[in-house]
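For reference, protein_1.tsv is printed below; it contains TSV, C-alpha atoms.
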```tsv
chain	number	residue	atom	x	y	z
A	1	MET	CA	0.00	0.00	0.00
A	2	ASP	CA	2.84	2.42	0.79
A	3	ARG	CA	4.38	1.84	-2.66
A	4	VAL	CA	1.00	2.42	-4.32
A	5	LEU	CA	0.36	5.69	-2.49
A	6	LYS	CA	3.91	6.88	-3.19
A	7	ALA	CA	3.52	6.06	-6.87
A	8	LEU	CA	0.21	7.91	-7.10
A	9	ALA	CA	1.64	11.00	-5.39
A	10	ASP	CA	3.51	12.04	-8.55
A	11	ALA	CA	1.54	13.95	-11.21
A	12	SER	CA	3.57	12.52	-14.11
A	13	ARG	CA	2.89	8.97	-12.98
A	14	ARG	CA	-0.81	9.75	-12.68
A	15	ARG	CA	-0.72	11.05	-16.27
A	16	LEU	CA	0.84	7.78	-17.38
A	17	LEU	CA	-1.94	5.84	-15.66
A	18	ASP	CA	-4.57	8.10	-17.26
A	19	SER	CA	-3.01	7.46	-20.65
A	20	LEU	CA	-3.16	3.69	-20.11
A	21	ARG	CA	-6.73	3.97	-18.90
A	22	ARG	CA	-7.65	5.60	-22.20
A	23	GLN	CA	-5.57	3.20	-24.32
A	24	ASP	CA	-4.13	0.07	-22.74
A	25	GLY	CA	-1.12	-1.82	-24.08
A	26	GLN	CA	1.13	1.11	-25.07
A	27	THR	CA	4.85	0.95	-25.82
A	28	LEU	CA	7.47	3.13	-24.11
A	29	GLY	CA	7.69	5.25	-27.23
A	30	GLN	CA	3.95	5.90	-27.27
A	31	LEU	CA	3.99	6.91	-23.60
A	32	CYS	CA	7.04	9.15	-24.04
A	33	GLY	CA	5.23	11.05	-26.76
A	34	GLN	CA	2.66	12.25	-24.23
A	35	LEU	CA	5.09	13.62	-21.61
A	36	ALA	CA	7.58	16.45	-22.05
A	37	MET	CA	10.46	14.54	-20.45
A	38	ALA	CA	13.38	12.36	-21.40
A	39	ARG	CA	12.90	8.71	-22.26
A	40	GLN	CA	15.03	7.72	-19.26
A	41	SER	CA	12.76	9.70	-16.89
A	42	VAL	CA	9.63	8.04	-18.28
A	43	THR	CA	11.31	4.65	-17.88
A	44	GLN	CA	12.01	5.44	-14.22
A	45	HIS	CA	8.39	6.48	-13.61
A	46	LEU	CA	7.15	3.27	-15.24
A	47	ALA	CA	9.49	1.24	-13.03
A	48	VAL	CA	7.93	2.82	-9.93
A	49	LEU	CA	4.44	2.07	-11.22
A	50	GLU	CA	5.38	-1.51	-12.01
A	51	ASP	CA	6.97	-1.96	-8.58
A	52	ALA	CA	3.68	-0.79	-7.04
A	53	ASN	CA	1.79	-3.29	-9.24
A	54	LEU	CA	-0.14	-0.44	-10.84
A	55	ILE	CA	0.96	-1.55	-14.29
A	56	SER	CA	2.01	-4.84	-15.81
A	57	THR	CA	4.14	-5.45	-18.89
A	58	VAL	CA	4.07	-7.99	-21.70
A	59	ARG	CA	6.80	-8.65	-24.23
A	60	ARG	CA	5.76	-8.77	-27.87
A	61	SER	CA	8.73	-9.45	-30.12
A	62	ARG	CA	11.12	-6.55	-29.46
A	63	GLU	CA	8.44	-4.34	-27.92
A	64	LYS	CA	7.37	-4.05	-24.29
A	65	LEU	CA	3.66	-3.29	-23.85
A	66	HIS	CA	2.37	-1.60	-20.70
A	67	TYR	CA	-1.04	-2.38	-19.21
A	68	LEU	CA	-2.98	-0.71	-16.40
A	69	ASN	CA	-3.66	-2.88	-13.36
A	70	PRO	CA	-6.63	-1.36	-11.45
A	71	VAL	CA	-6.52	-3.84	-8.55
A	72	PRO	CA	-4.33	-1.76	-6.15
A	73	ILE	CA	-6.52	1.31	-6.70
A	74	HIS	CA	-9.59	-0.82	-6.05
A	75	ASP	CA	-7.92	-2.05	-2.84
A	76	ILE	CA	-7.44	1.57	-1.74
A	77	GLN	CA	-11.09	2.27	-2.42
A	78	ARG	CA	-12.16	-0.82	-0.48
A	79	ARG	CA	-9.75	-0.19	2.41
A	80	TRP	CA	-10.11	3.57	2.85
A	81	LEU	CA	-13.36	4.68	1.24
A	82	ALA	CA	-15.93	1.90	1.35
A	83	PRO	CA	-16.02	1.30	5.15
A	84	PHE	CA	-16.15	4.97	6.08
A	85	GLU	CA	-17.26	7.33	3.36
A	86	GLU	CA	-18.80	5.47	0.41
A	87	PRO	CA	-22.47	6.09	1.35
A	88	ARG	CA	-21.73	9.78	1.92
A	89	LEU	CA	-19.62	10.10	-1.23
A	90	ARG	CA	-22.25	8.28	-3.29
A	91	ALA	CA	-24.88	10.72	-2.04
A	92	LEU	CA	-22.65	13.69	-2.83
A	93	ALA	CA	-21.92	12.32	-6.30
A	94	ALA	CA	-25.64	11.98	-6.95
A	95	ILE	CA	-26.19	15.55	-5.74
A	96	LYS	CA	-23.37	16.80	-7.99
A	97	GLN	CA	-24.74	15.00	-11.05
A	98	ASN	CA	-28.25	16.16	-10.23
A	99	ALA	CA	-27.10	19.78	-9.93
A	100	GLU	CA	-25.09	19.67	-13.16
A	101	GLU	CA	-27.51	17.78	-15.38
A	102	ARG	CA	-30.99	18.75	-14.24
A	103	ASP	CA	-32.96	20.99	-16.53
A	104	MET	CA	-33.25	24.19	-14.48
A	105	THR	CA	-36.80	24.69	-15.72
A	106	ASP	CA	-37.83	21.45	-14.01
A	107	ASP	CA	-37.43	21.26	-10.23
A	108	LYS	CA	-38.70	17.70	-9.85
A	109	PRO	CA	-36.28	15.41	-7.98
A	110	THR	CA	-33.90	13.09	-9.81
A	111	PHE	CA	-32.38	9.88	-8.45
A	112	VAL	CA	-29.19	8.14	-9.65
A	113	TYR	CA	-27.92	4.74	-8.47
A	114	VAL	CA	-24.73	2.96	-9.60
A	115	THR	CA	-23.70	-0.64	-8.91
A	116	TYR	CA	-20.95	-2.92	-10.20
A	117	ILE	CA	-21.73	-6.53	-11.12
A	118	HIS	CA	-19.47	-9.47	-11.98
A	119	SER	CA	-21.32	-10.34	-15.16
A	120	THR	CA	-21.67	-9.49	-18.84
A	121	PRO	CA	-23.82	-6.78	-20.48
A	122	GLU	CA	-25.90	-9.49	-22.16
A	123	ARG	CA	-26.72	-11.22	-18.87
A	124	VAL	CA	-27.57	-7.90	-17.16
A	125	TRP	CA	-29.85	-6.92	-20.06
A	126	HIS	CA	-31.54	-10.33	-19.91
A	127	ALA	CA	-32.03	-9.95	-16.15
A	128	LEU	CA	-33.74	-6.57	-16.63
A	129	THR	CA	-36.09	-7.67	-19.42
A	130	ASP	CA	-36.90	-11.34	-18.87
A	131	ALA	CA	-40.27	-11.81	-17.16
A	132	ASP	CA	-39.33	-15.01	-15.33
A	133	LEU	CA	-36.00	-13.69	-14.13
A	134	THR	CA	-37.38	-10.38	-12.89
A	135	ALA	CA	-39.99	-12.35	-10.95
A	136	GLU	CA	-37.18	-14.14	-9.09
A	137	TYR	CA	-35.30	-11.08	-7.81
A	138	TRP	CA	-37.85	-8.24	-8.11
A	139	GLY	CA	-41.02	-9.91	-6.87
A	140	HIS	CA	-42.80	-8.73	-10.05
A	141	SER	CA	-42.54	-9.79	-13.68
A	142	ASN	CA	-41.51	-7.11	-16.15
A	143	VAL	CA	-43.54	-7.98	-19.23
A	144	SER	CA	-43.03	-6.43	-22.69
A	145	ASP	CA	-41.60	-7.12	-26.12
A	146	TRP	CA	-39.13	-4.30	-25.29
A	147	GLN	CA	-39.52	-2.53	-28.59
A	148	PRO	CA	-39.55	1.30	-28.66
A	149	GLY	CA	-43.14	2.49	-28.33
A	150	SER	CA	-44.37	-0.73	-26.70
A	151	ARG	CA	-46.09	-0.88	-23.34
A	152	TRP	CA	-44.42	-2.67	-20.44
A	153	GLU	CA	-46.03	-3.83	-17.18
A	154	HIS	CA	-44.71	-4.62	-13.70
A	155	ARG	CA	-47.04	-7.53	-12.88
A	156	ARG	CA	-47.54	-9.32	-9.59
A	157	THR	CA	-46.39	-12.94	-9.41
A	158	ASP	CA	-49.41	-14.21	-7.45
A	159	GLY	CA	-51.24	-15.23	-10.62
A	160	SER	CA	-53.62	-12.27	-10.52
A	161	GLY	CA	-52.00	-10.58	-13.51
A	162	ILE	CA	-52.36	-7.21	-11.75
A	163	ALA	CA	-49.80	-4.59	-12.74
A	164	ASP	CA	-48.58	-2.28	-9.98
A	165	ALA	CA	-46.61	-0.12	-12.40
A	166	ALA	CA	-46.39	0.30	-16.15
A	167	GLY	CA	-45.07	2.55	-18.86
A	168	LYS	CA	-43.78	2.80	-22.40
A	169	VAL	CA	-40.43	1.74	-23.82
A	170	LEU	CA	-38.74	4.90	-25.12
A	171	GLU	CA	-35.37	3.47	-26.14
A	172	ALA	CA	-34.04	-0.09	-26.38
A	173	ASP	CA	-30.46	-0.65	-27.46
A	174	PRO	CA	-29.49	-4.12	-26.19
A	175	PRO	CA	-27.37	-4.81	-24.30
A	176	THR	CA	-26.28	-1.32	-23.25
A	177	ARG	CA	-29.23	1.07	-22.86
A	178	LEU	CA	-32.92	0.86	-21.93
A	179	VAL	CA	-35.17	3.89	-21.32
A	180	MET	CA	-38.78	3.60	-20.23
A	181	THR	CA	-41.46	5.59	-18.48
A	182	PHE	CA	-42.39	4.37	-15.00
A	183	VAL	CA	-45.89	5.31	-13.83
A	184	ALA	CA	-49.13	3.92	-12.44
A	185	PRO	CA	-50.89	1.58	-14.91
A	186	ASP	CA	-53.63	4.12	-15.55
A	187	ALA	CA	-51.17	6.95	-16.22
A	188	VAL	CA	-49.17	5.46	-19.11
A	189	ASP	CA	-50.28	8.26	-21.43
A	190	SER	CA	-49.32	11.01	-18.96
A	191	ASP	CA	-47.73	14.12	-20.45
A	192	GLN	CA	-45.07	14.24	-17.72
A	193	PRO	CA	-44.25	10.67	-16.66
A	194	SER	CA	-41.28	9.71	-14.54
A	195	THR	CA	-38.59	8.04	-16.66
A	196	VAL	CA	-36.04	5.34	-15.82
A	197	THR	CA	-32.80	4.87	-17.78
A	198	PHE	CA	-30.62	1.76	-17.43
A	199	ALA	CA	-27.06	2.28	-18.72
A	200	ILE	CA	-24.99	-0.93	-18.93
A	201	GLU	CA	-21.24	-0.42	-19.38
A	202	PRO	CA	-18.77	-3.33	-19.61
A	203	TYR	CA	-15.25	-3.24	-18.18
A	204	HIS	CA	-13.30	-6.49	-18.59
A	205	ASP	CA	-15.15	-9.00	-16.37
A	206	ILE	CA	-17.51	-6.55	-14.67
A	207	VAL	CA	-20.41	-4.31	-15.61
A	208	ARG	CA	-21.31	-0.89	-14.29
A	209	LEU	CA	-25.08	-0.53	-14.14
A	210	THR	CA	-26.36	3.03	-13.71
A	211	VAL	CA	-30.05	3.62	-13.02
A	212	THR	CA	-31.33	7.18	-13.43
A	213	HIS	CA	-34.91	7.95	-12.37
A	214	VAL	CA	-36.07	11.45	-13.34
A	215	ASN	CA	-39.20	13.57	-13.09
A	216	LEU	CA	-40.28	12.22	-9.71
A	217	ASP	CA	-43.16	14.16	-8.24
A	218	ASP	CA	-41.68	15.12	-4.88
A	219	GLU	CA	-39.05	14.33	-2.27
A	220	ALA	CA	-41.12	11.49	-0.83
A	221	ASP	CA	-41.13	9.80	-4.25
A	222	ARG	CA	-37.38	10.35	-4.52
A	223	GLU	CA	-36.80	8.67	-1.16
A	224	ALA	CA	-39.06	5.78	-2.16
A	225	ALA	CA	-37.15	5.39	-5.42
A	226	ALA	CA	-33.81	5.50	-3.59
A	227	SER	CA	-34.70	2.71	-1.17
A	228	GLY	CA	-36.56	0.70	-3.81
A	229	TRP	CA	-33.81	0.73	-6.44
A	230	ALA	CA	-31.12	-0.03	-3.86
A	231	ALA	CA	-33.03	-3.13	-2.76
A	232	VAL	CA	-33.90	-4.34	-6.26
A	233	LEU	CA	-30.38	-3.88	-7.62
A	234	ALA	CA	-28.85	-5.61	-4.60
A	235	ASN	CA	-31.08	-8.59	-5.36
A	236	LEU	CA	-30.19	-8.42	-9.06
A	237	LYS	CA	-26.46	-8.35	-8.25
A	238	SER	CA	-26.83	-11.35	-5.91
A	239	LYS	CA	-28.81	-13.29	-8.51
A	240	LEU	CA	-26.27	-12.77	-11.27
A	241	GLU	CA	-23.18	-13.33	-9.14
A	242	THR	CA	-24.33	-16.24	-6.95
A	243	GLY	CA	-27.25	-17.73	-8.87
A	244	ALA	CA	-29.75	-16.85	-6.14
A	245	ALA	CA	-31.46	-13.70	-4.91
A	246	LEU	CA	-30.93	-12.57	-1.32
A	247	PRO	CA	-32.52	-14.96	1.23
A	248	GLN	CA	-34.99	-12.28	2.36
A	249	PRO	CA	-36.57	-9.59	0.14
A	250	PRO	CA	-34.45	-6.51	0.96
A	251	TRP	CA	-37.36	-4.11	0.40
A	252	GLU	CA	-39.16	-5.73	3.35
A	253	MET	CA	-36.34	-4.84	5.76
A	254	PRO	CA	-37.58	-2.19	8.21
A	255	VAL	CA	-35.85	1.17	8.13
A	256	ALA	CA	-34.48	2.36	11.47
```

In structure tokens, what does this structure look like?
Amino acid sequence: MDRVLKALADASRRRLLDSLRRQDGQTLGQLCGQLAMARQSVTQHLAVLEDANLISTVRRSREKLHYLNPVPIHDIQRRWLAPFEEPRLRALAAIKQNAEERDMTDDKPTFVYVTYIHSTPERVWHALTDADLTAEYWGHSNVSDWQPGSRWEHRRTDGSGIADAAGKVLEADPPTRLVMTFVAPDAVDSDQPSTVTFAIEPYHDIVRLTVTHVNLDDEADREAAASGWAAVLANLKSKLETGAALPQPPWEMPVA
């Protein structure tokens, strides 16, 4: 950990990591071209990063390719941020995004939730749109043909066929983006419906799933959305990573 923090303390080394984050597998020559310093100095910086396990190298013929290794940075996040500040930082990030992106003519609350899942975009998309699978981790079946303009329904699984929520599919770009309205079944044709966007972004063996719920009526609805999406996505993550949803429905857990 000390070597990692020391390596990250230098601005030039952080620039090298940023460069590898944008384009992995670069040669020394490619990296030198982005820094106004001698080749020997860049080589020394790369040696520090490699010693801290922040980068790894692979020989290809006469070339040496450099690859970013995000594991030590993830360890820092898990060791120093997650136990103490992650809930607060997540809330502040949501506030920042809300303040920067909200249409200033619309003061209705917006909610953003981000989770990381050990899965593939295709499996996450399937989990969001398959009626049988949503019934397993959501307690309702999401039923639709998932074509833009089609109706979707959030139906109970008790055999009654009753929908507790519904809406229209606005965008469907499998397996990376799904946008739909989210309203009461009798308000599908509302002029100002709330809208949910699922953004599915792959990164090696994991997926970042971002859920954005906009045009909520009031703060009470925002709080309900916050607790509801947190519970549903925790169940979704458990289902995809372990094969089973959480042993108890998280939305039934009482709030202190």

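When the distance limit is 9 Å and only C-alpha atoms are what count, the residues near stretch 25-28 of chain A, minus those fewer than 6 positions from it on the same chain, are Ser19, Arg39, Val42, Thr43, Leu46, Thr57, Val58, Glu63, Lys64, Leu65, His66, Tyr67 and Leu68 of chain A.
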
Subject >> Selection: 7 Å around stretch 202-216 of chain A, only C-alpha atoms, excl. self and same-chain fewer than 2 positions, as a PyMOL selection string >> reply: chain A and resi 108-121+193-200+218+221-222

Original post:
If you count all atoms listed in the file, which residues fall within 10 Å of A:Lys6, apart from same-chain ones fewer than 3 positions away, as JSON, numbers by chain?
Top reply: {"A": [1, 2, 3, 9, 10, 48, 49, 52]}

**OP:** With a distance cut-off of 9 Å and all atoms listed in the file, select the neighbouring residues of stretch 228-237 of chain A, excluding the residue or stretch itself and same-chain residues fewer than 2 positions from it, and output the selection as a PyMOL selection string.
**Re:** chain A and resi 113+115-119+124+127-128+134+137-138+211+223-226+239-242+244-246+249-251

Original post:
What does the distance between atom CA of A:Gln34 and atom CA of A:Arg21 come to in Å, to one decimal place?
Top reply: 13.6 Å

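Coordinates place atom CA of A:Asn142 at a distance of 6.4 Å from atom CA of A:Arg155.
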
**OP:** Kindly give the distance, in Å, that separates atom CA of A:Met37 and atom CA of A:Arg59, rounded to a single decimal.
**Re:** 23.8 Å

Subject >> Sel. within 9 Å of pt (-49.1, -1.8, -19.8), counting only C-alpha atoms, output as a PyMOL selection string >> reply: chain A and resi 143-144+150-154+163+165-168+185-186+188
